[in-house]
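File shown: model26.tsv. Contents: TSV, C-alpha atoms.
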```tsv
chain	number	residue	atom	x	y	z
A	1101	MET	CA	12.48	2.74	-9.66
A	1102	SER	CA	15.55	2.11	-7.50
A	1103	LYS	CA	16.96	4.77	-5.20
A	1104	ILE	CA	20.45	6.22	-5.58
A	1105	ILE	CA	21.69	5.51	-2.08
A	1106	ASP	CA	25.17	7.01	-2.25
A	1107	ILE	CA	24.18	10.66	-2.88
A	1108	LYS	CA	25.61	13.12	-0.37
A	1109	PHE	CA	23.87	16.38	0.58
A	1110	ALA	CA	24.99	19.61	2.21
A	1111	PHE	CA	23.26	22.73	3.51
A	1112	TYR	CA	24.34	26.36	3.34
A	1113	VAL	CA	22.42	28.49	5.85
A	1114	SER	CA	22.66	31.88	7.53
A	1115	GLY	CA	22.19	33.04	11.12
A	1116	ASN	CA	19.31	31.40	12.97
A	1117	ALA	CA	18.91	28.74	10.25
A	1118	THR	CA	15.22	28.50	11.14
A	1119	ARG	CA	14.27	26.49	8.04
A	1120	LEU	CA	17.00	23.89	8.58
A	1121	ILE	CA	16.12	23.49	12.25
A	1122	LYS	CA	12.47	22.88	11.33
A	1123	ILE	CA	13.53	20.43	8.61
A	1124	ILE	CA	15.60	18.47	11.13
A	1125	GLU	CA	12.63	18.35	13.50
A	1126	GLN	CA	10.01	17.40	10.89
A	1127	TYR	CA	12.02	15.38	8.35
A	1128	PRO	CA	14.95	13.86	10.29
A	1129	ALA	CA	15.56	11.22	7.59
A	1130	ILE	CA	17.22	13.93	5.49
A	1131	LEU	CA	20.11	13.90	7.97
A	1132	GLU	CA	20.95	10.34	6.95
A	1133	ARG	CA	22.50	11.64	3.73
A	1134	THR	CA	23.60	15.08	4.97
A	1135	PHE	CA	27.35	15.31	5.47
A	1136	LEU	CA	28.02	19.04	5.74
A	1137	VAL	CA	26.34	22.19	7.08
A	1138	VAL	CA	27.95	25.61	6.56
A	1139	ASN	CA	26.52	28.53	8.52
A	1140	ASP	CA	27.61	32.13	8.09
A	1141	GLU	CA	26.62	34.95	10.44
A	1142	ALA	CA	27.09	32.38	13.24
A	1143	PRO	CA	27.21	31.20	16.04
A	1144	ASN	CA	24.06	29.13	16.31
A	1145	LEU	CA	24.00	27.08	19.50
A	1146	LYS	CA	20.63	25.45	18.82
A	1147	LEU	CA	21.68	24.18	15.41
A	1148	GLY	CA	25.03	22.99	16.74
A	1149	LYS	CA	23.27	21.07	19.49
A	1150	LEU	CA	20.86	19.42	17.04
A	1151	LEU	CA	23.75	18.29	14.84
A	1152	LEU	CA	25.81	17.07	17.81
A	1153	GLY	CA	26.24	13.32	17.65
A	1154	GLU	CA	25.36	13.14	13.95
A	1155	LYS	CA	28.06	12.29	11.42
A	1156	ILE	CA	27.74	15.77	9.96
A	1157	GLU	CA	30.53	18.30	9.71
A	1158	TYR	CA	29.26	21.66	11.00
A	1159	HIS	CA	31.30	24.70	9.96
A	1160	GLU	CA	30.33	28.18	11.12
A	1161	PHE	CA	31.99	31.58	10.84
A	1162	GLN	CA	31.31	35.31	10.98
A	1163	TYR	CA	32.36	37.75	8.28
A	1164	LYS	CA	33.31	40.37	10.89
A	1165	GLU	CA	36.04	38.11	12.24
A	1166	LYS	CA	37.59	37.96	8.76
A	1167	ASP	CA	37.06	41.67	8.01
A	1168	LEU	CA	35.04	40.88	4.87
A	1169	LYS	CA	32.66	43.35	3.25
A	1170	GLY	CA	30.51	43.58	0.13
A	1171	GLN	CA	31.37	41.28	-2.76
A	1172	SER	CA	34.34	39.88	-0.82
A	1173	LYS	CA	31.80	38.06	1.39
A	1174	ASN	CA	30.28	36.32	-1.62
A	1175	ILE	CA	33.68	35.35	-3.01
A	1176	TYR	CA	34.99	34.01	0.30
A	1177	LEU	CA	31.82	32.00	0.97
A	1178	SER	CA	31.74	30.52	-2.54
A	1179	GLU	CA	35.38	29.45	-2.36
A	1180	LEU	CA	34.83	27.96	1.10
A	1181	LEU	CA	31.77	26.01	-0.06
A	1182	LEU	CA	33.64	24.67	-3.09
A	1183	LYS	CA	36.51	23.52	-0.90
A	1184	LYS	CA	34.22	21.86	1.65
A	1185	PHE	CA	32.00	20.27	-1.00
A	1186	LYS	CA	35.03	18.67	-2.64
A	1187	GLU	CA	36.43	17.48	0.70
A	1188	LYS	CA	33.16	15.74	1.60
A	1189	ASN	CA	32.33	14.58	-1.96
A	1190	ILE	CA	29.03	16.46	-1.85
A	1191	ASP	CA	26.62	15.83	-4.73
A	1192	TYR	CA	23.84	18.35	-3.97
A	1193	SER	CA	23.47	21.32	-1.64
A	1194	PHE	CA	20.33	23.01	-0.36
A	1195	CYS	CA	20.67	26.76	0.08
A	1196	PHE	CA	18.93	28.84	2.75
A	1197	GLY	CA	21.71	31.40	3.06
A	1198	GLY	CA	21.72	35.12	2.50
A	1199	LYS	CA	24.75	35.60	0.26
A	1200	ILE	CA	25.02	35.44	-3.54
A	1201	LEU	CA	27.12	32.48	-4.67
A	1202	CYS	CA	29.59	33.03	-7.49
A	1203	GLY	CA	32.77	31.91	-9.25
A	1204	GLN	CA	34.02	28.40	-9.90
A	1205	LEU	CA	31.53	26.93	-7.43
A	1206	LEU	CA	28.72	27.56	-9.91
A	1207	THR	CA	30.65	25.83	-12.69
A	1208	VAL	CA	31.70	22.76	-10.73
A	1209	TYR	CA	28.27	22.43	-9.10
A	1210	LYS	CA	26.07	23.53	-11.99
A	1211	ASN	CA	22.49	22.35	-11.40
A	1212	LYS	CA	23.52	20.89	-8.04
A	1213	ILE	CA	22.85	23.79	-5.63
A	1214	ILE	CA	19.16	24.36	-4.88
A	1215	ASN	CA	17.91	27.66	-3.50
A	1216	PHE	CA	14.56	28.27	-1.80
A	1217	HIS	CA	13.27	31.74	-2.58
A	1218	PRO	CA	10.13	33.12	-0.87
A	1219	ALA	CA	8.37	34.40	-3.98
A	1220	VAL	CA	6.79	33.02	-7.13
A	1221	LEU	CA	9.67	33.72	-9.50
A	1222	PRO	CA	10.29	35.47	-11.80
A	1223	MET	CA	8.29	37.95	-9.74
A	1224	PHE	CA	10.05	39.58	-6.79
A	1225	PRO	CA	13.64	38.32	-7.01
A	1226	GLY	CA	16.33	39.47	-4.59
A	1227	VAL	CA	16.03	40.45	-0.93
A	1228	LYS	CA	12.87	41.05	1.11
A	1229	SER	CA	10.78	39.35	-1.55
A	1230	ILE	CA	7.76	38.78	0.70
A	1231	ASP	CA	7.73	42.47	1.54
A	1232	GLN	CA	8.06	43.26	-2.16
A	1233	ALA	CA	5.01	41.14	-2.90
A	1234	LEU	CA	2.97	42.62	-0.06
A	1235	ASN	CA	3.85	46.18	-1.07
A	1236	ALA	CA	2.84	45.38	-4.65
A	1237	ASN	CA	-0.51	44.09	-3.33
A	1238	THR	CA	-0.05	40.83	-5.20
A	1239	PHE	CA	-2.92	38.34	-5.27
A	1240	LEU	CA	-0.74	35.30	-4.49
A	1241	LEU	CA	2.34	34.70	-2.34
A	1242	GLY	CA	4.59	31.68	-2.50
A	1243	ASN	CA	7.96	29.99	-2.85
A	1244	THR	CA	10.25	28.84	-5.63
A	1245	ALA	CA	12.85	26.08	-5.46
A	1246	HIS	CA	15.40	26.58	-8.22
A	1247	PHE	CA	18.96	25.74	-9.16
A	1248	ILE	CA	21.42	28.58	-8.61
A	1249	ASP	CA	23.12	30.07	-11.65
A	1250	GLU	CA	25.17	33.23	-12.27
A	1251	GLY	CA	22.13	35.50	-11.99
A	1252	VAL	CA	20.06	36.50	-8.98
A	1253	ASP	CA	17.16	34.05	-8.61
A	1254	THR	CA	17.26	33.23	-12.34
A	1255	GLY	CA	18.18	29.52	-12.36
A	1256	PRO	CA	15.98	26.65	-13.62
A	1257	VAL	CA	12.83	26.26	-11.52
A	1258	ILE	CA	12.19	22.88	-9.90
A	1259	MET	CA	8.87	23.54	-8.19
A	1260	GLN	CA	6.75	26.32	-6.72
A	1261	SER	CA	4.12	26.71	-4.02
A	1262	VAL	CA	1.45	29.40	-3.66
A	1263	ILE	CA	-0.96	30.68	-1.03
A	1264	HIS	CA	-3.70	33.25	-1.33
A	1265	ARG	CA	-2.86	36.53	0.30
A	1266	GLU	CA	-5.82	36.29	2.68
A	1267	HIS	CA	-4.08	33.32	4.35
A	1268	PHE	CA	-1.00	35.41	5.13
A	1269	ASN	CA	-0.52	36.45	8.76
A	1270	ASP	CA	3.26	36.35	9.09
A	1271	TYR	CA	6.34	35.26	7.15
A	1272	ASP	CA	6.14	31.68	8.37
A	1273	ASP	CA	2.83	31.25	6.54
A	1274	VAL	CA	4.90	31.44	3.36
A	1275	LEU	CA	8.27	30.10	4.48
A	1276	ASP	CA	7.01	26.93	6.16
A	1277	HIS	CA	5.85	25.59	2.78
A	1278	GLN	CA	9.54	25.26	1.93
A	1279	LEU	CA	9.82	22.34	4.36
A	1280	ALA	CA	7.55	20.04	2.36
A	1281	MET	CA	9.20	21.26	-0.84
A	1282	ILE	CA	12.70	20.29	0.28
A	1283	ASN	CA	11.51	16.89	1.48
A	1284	GLN	CA	9.87	16.27	-1.89
A	1285	ILE	CA	12.90	17.39	-3.91
A	1286	TYR	CA	15.18	15.29	-1.71
A	1287	THR	CA	13.05	12.24	-2.55
A	1288	TRP	CA	12.96	13.06	-6.26
A	1289	ILE	CA	16.75	13.26	-6.35
A	1290	LEU	CA	17.16	9.93	-4.55
A	1291	ASP	CA	14.63	8.34	-6.93
A	1292	ASN	CA	16.54	9.75	-9.93
A	1293	ARG	CA	13.42	11.52	-11.21
A	1294	LEU	CA	14.81	15.03	-11.66
A	1295	VAL	CA	15.72	15.76	-15.29
A	1296	ILE	CA	17.13	18.97	-16.81
A	1297	GLU	CA	16.68	19.59	-20.53
A	1298	ASN	CA	17.22	22.90	-22.35
A	1299	LYS	CA	17.62	24.70	-19.01
A	1300	LYS	CA	14.22	23.45	-17.84
A	1301	VAL	CA	13.52	21.00	-15.04
A	1302	ARG	CA	11.11	18.11	-15.44
A	1303	ILE	CA	10.17	15.54	-12.81
A	1304	LYS	CA	9.64	12.07	-14.26
A	1305	ASN	CA	6.09	10.79	-13.72
A	1306	ALA	CA	5.06	13.88	-11.73
A	1307	ILE	CA	1.57	15.35	-12.07
A	1308	TYR	CA	1.48	18.74	-13.79
A	1309	LYS	CA	-2.09	20.02	-13.70
A	1310	LYS	CA	-2.95	22.44	-16.45
A	1311	ILE	CA	-4.41	25.19	-14.28
A	1312	THR	CA	-5.69	26.04	-10.80
A	1313	PHE	CA	-8.21	28.78	-10.10
A	1314	TYR	CA	-8.29	31.10	-7.08
A	1315	PRO	CA	-11.09	31.00	-5.97
A	1316	ASN	CA	-12.23	27.65	-7.39
A	1317	LEU	CA	-14.50	27.58	-10.43
A	1318	GLU	CA	-18.18	26.98	-9.72
A	1319	ASN	CA	-19.46	27.04	-13.32
A	1320	ARG	CA	-17.81	24.52	-15.64
```

So that I can check it, write out the structure of this file as structure tokens.
Amino acid sequence: MSKIIDIKFAFYVSGNATRLIKIIEQYPAILERTFLVVNDEAPNLKLGKLLLGEKIEYHEFQYKEKDLKGQSKNIYLSELLLKKFKEKNIDYSFCFGGKILCGQLLTVYKNKIINFHPAVLPMFPGVKSIDQALNANTFLLGNTAHFIDEGVDTGPVIMQSVIHREHFNDYDDVLDHQLAMINQIYTWILDNRLVIENKKVRIKNAIYKKITFYPNLENR
């Protein structure tokens, strides 16, 4: 299966952009097809330094400087992303930001913006999802990669990861699984293996095991 070599990627991140920084350090090949990074709640000197010298446009801003509050933040960000995506001919964007995207951006880039949510959706959507899961005393924690739609964490699911609660010590025990997920999805897109039918995502030739048990079965 031949790769699609002309696909262009972008990232939308917020603040410290910890996930993107770790991705750059662990999977630097992703930068080869990354042409834009937009960071709100900036500045981020470490991220700027890592991107320095790469052929990547880095745009950062703070909402306070523009006197934006509430929904106006979401609208401004979405319009900015749409403008920048069109300027750079972006095909797909990975989302690690904190704002809710809306408006024409979601129409023009339908099934092209991928969010990484730290919960096993549809459980615990919205903010502080790991805390939600811990407070609910859930058996499993995890992540969901999904396309963004008009709802909050309701778009088509691409893949999920899970860990048993007893392996949780801090947030990174959950969040760091997103790194391997983004690298895998990036490869699937380049290999043209990601298919969307009837609002459901299917990966061509991927392995979908029927069930996994926690703990493992001993009697079969």

Would you mind telling me which residue in A:Lys1304, A:Lys1184, A:Lys1173, A:Lys1228 lies nearest to A:Ile1258 when using all atoms listed in the file?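 Result for the nearest residue to A:Ile1258: A:Lys1304.
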
Would you pick out the contacts of stretch 1196-1206 of chain A at 9 Å or less, using only C-alpha atoms, so that residues sharing its chain but fewer than 5 positions from it are not included, and give the list as a PyMOL selection string? chain A and resi 1111-1115+1117+1119-1120+1139-1140+1171+1173-1175+1177-1179+1181-1183+1211-1217+1227+1248-1252

Find the spatial neighbours of stretch 1274-1279 of chain A, counting only C-alpha atoms, within a cut-off of 8 Å - ignore same-chain residues fewer than 6 positions away - and output them as a PDB file with C-alpha atoms, in the coordinates of the input.
```
ATOM      1  CA  ARG A1119      14.270  26.490   8.040  1.00  0.00           C
ATOM      2  CA  LYS A1122      12.470  22.880  11.330  1.00  0.00           C
ATOM      3  CA  ILE A1123      13.530  20.430   8.610  1.00  0.00           C
ATOM      4  CA  PHE A1216      14.560  28.270  -1.800  1.00  0.00           C
ATOM      5  CA  PRO A1218      10.130  33.120  -0.870  1.00  0.00           C
ATOM      6  CA  LEU A1241       2.340  34.700  -2.340  1.00  0.00           C
ATOM      7  CA  GLY A1242       4.590  31.680  -2.500  1.00  0.00           C
ATOM      8  CA  ASN A1243       7.960  29.990  -2.850  1.00  0.00           C
ATOM      9  CA  SER A1261       4.120  26.710  -4.020  1.00  0.00           C
ATOM     10  CA  ILE A1263      -0.960  30.680  -1.030  1.00  0.00           C
ATOM     11  CA  PHE A1268      -1.000  35.410   5.130  1.00  0.00           C
TER      12      PHE A1268
END
```

Selection: 6 Å around stretch 1151-1167 of chain A, only C-alpha atoms, excl. self and same-chain fewer than 3 positions, as a ChimeraX atom specification: /A:1135-1142,1148

Calculate how many Å separate atom CA of A:Asn1116 from atom CA of A:Glu1187, rounding to one decimal. 25.2 Å

Which neighbours of stretch 1128-1130 of chain A fall inside 9 Å, counting only C-alpha atoms, when residues of the same chain fewer than 3 positions from it are skipped, and could you give them as a ChimeraX atom specification? /A:1109,1123-1125,1133-1134,1283,1286

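Interatomic distance, atom CA of A:Leu1221 to atom CA of A:His1264: 15.7 Å.
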
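The neighbours of A:Ile1105 here are the residues that come within 12 Å of it, using only C-alpha atoms and leaving out any residue fewer than 5 positions away in the same chain; they are Glu1132, Arg1133, Asp1191, Tyr1286, Thr1287, Ile1289, Leu1290, Asp1291 and Asn1292 of chain A.
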
In Å to one decimal, how far is atom CA of A:Ala1245 from atom CA of A:Gly1226?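 If I compute the distance from atom CA of A:Gly1226 to atom CA of A:Ala1245, I get 13.9 Å.
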
Tell me which of A:Asn1237, A:Thr1118, A:Ser1172, A:Ser1229 sits closest to A:Asp1253, counting only C-alpha atoms. A:Ser1229

Looking at A:Pro1225, A:His1267, A:Thr1254, A:Asn1144, which one is nearest to A:Leu1240, with distances taken over only C-alpha atoms? A:His1267

Select, from A:Thr1244, A:Ile1230, A:Gln1284, A:Tyr1308, the residue with the minimum atom-to-atom distance to A:Asp1270, counting all atoms listed in the file. A:Ile1230

Since the input has fewer atoms than a full residue there, write stretch 1261-1279 of chain A out with N, CA and C atoms, as a CSV table (one decimal), keeping the file's coordinate frame.
```
chain,number,residue,atom,x,y,z
A,1261,SER,N,5.3,26.8,-4.8
A,1261,SER,CA,4.1,26.7,-4.0
A,1261,SER,C,3.5,28.1,-3.9
A,1262,VAL,N,2.2,28.1,-3.7
A,1262,VAL,CA,1.4,29.4,-3.7
A,1262,VAL,C,0.4,29.3,-2.5
A,1263,ILE,N,0.2,30.5,-2.0
A,1263,ILE,CA,-1.0,30.7,-1.0
A,1263,ILE,C,-1.7,32.0,-1.4
A,1264,HIS,N,-3.0,32.0,-1.1
A,1264,HIS,CA,-3.7,33.2,-1.3
A,1264,HIS,C,-3.3,34.3,-0.3
A,1265,ARG,N,-3.3,35.5,-0.6
A,1265,ARG,CA,-2.9,36.5,0.3
A,1265,ARG,C,-3.7,36.6,1.6
A,1266,GLU,N,-5.0,36.2,1.5
A,1266,GLU,CA,-5.8,36.3,2.7
A,1266,GLU,C,-5.4,35.3,3.7
A,1267,HIS,N,-4.6,34.3,3.4
A,1267,HIS,CA,-4.1,33.3,4.4
A,1267,HIS,C,-2.7,33.8,5.0
A,1268,PHE,N,-2.3,34.9,4.6
A,1268,PHE,CA,-1.0,35.4,5.1
A,1268,PHE,C,-1.2,36.2,6.4
A,1269,ASN,N,-0.5,35.7,7.5
A,1269,ASN,CA,-0.5,36.4,8.8
A,1269,ASN,C,0.9,36.9,9.1
A,1270,ASP,N,1.9,36.0,8.9
A,1270,ASP,CA,3.3,36.4,9.1
A,1270,ASP,C,4.1,35.6,8.1
A,1271,TYR,N,5.4,35.8,8.1
A,1271,TYR,CA,6.3,35.3,7.2
A,1271,TYR,C,6.3,33.7,7.1
A,1272,ASP,N,6.1,33.1,8.3
A,1272,ASP,CA,6.1,31.7,8.4
A,1272,ASP,C,5.0,31.0,7.6
A,1273,ASP,N,3.9,31.8,7.3
A,1273,ASP,CA,2.8,31.2,6.5
A,1273,ASP,C,3.3,31.0,5.1
A,1274,VAL,N,4.3,31.7,4.7
A,1274,VAL,CA,4.9,31.4,3.4
A,1274,VAL,C,6.1,30.5,3.5
A,1275,LEU,N,7.0,30.8,4.4
A,1275,LEU,CA,8.3,30.1,4.5
A,1275,LEU,C,8.1,28.6,4.9
A,1276,ASP,N,7.1,28.3,5.7
A,1276,ASP,CA,7.0,26.9,6.2
A,1276,ASP,C,6.6,26.0,5.0
A,1277,HIS,N,6.1,26.5,3.9
A,1277,HIS,CA,5.8,25.6,2.8
A,1277,HIS,C,7.1,25.1,2.2
A,1278,GLN,N,8.3,25.7,2.5
A,1278,GLN,CA,9.5,25.3,1.9
A,1278,GLN,C,9.9,23.9,2.5
A,1279,LEU,N,9.4,23.6,3.7
A,1279,LEU,CA,9.8,22.3,4.4
A,1279,LEU,C,9.3,21.1,3.6
```
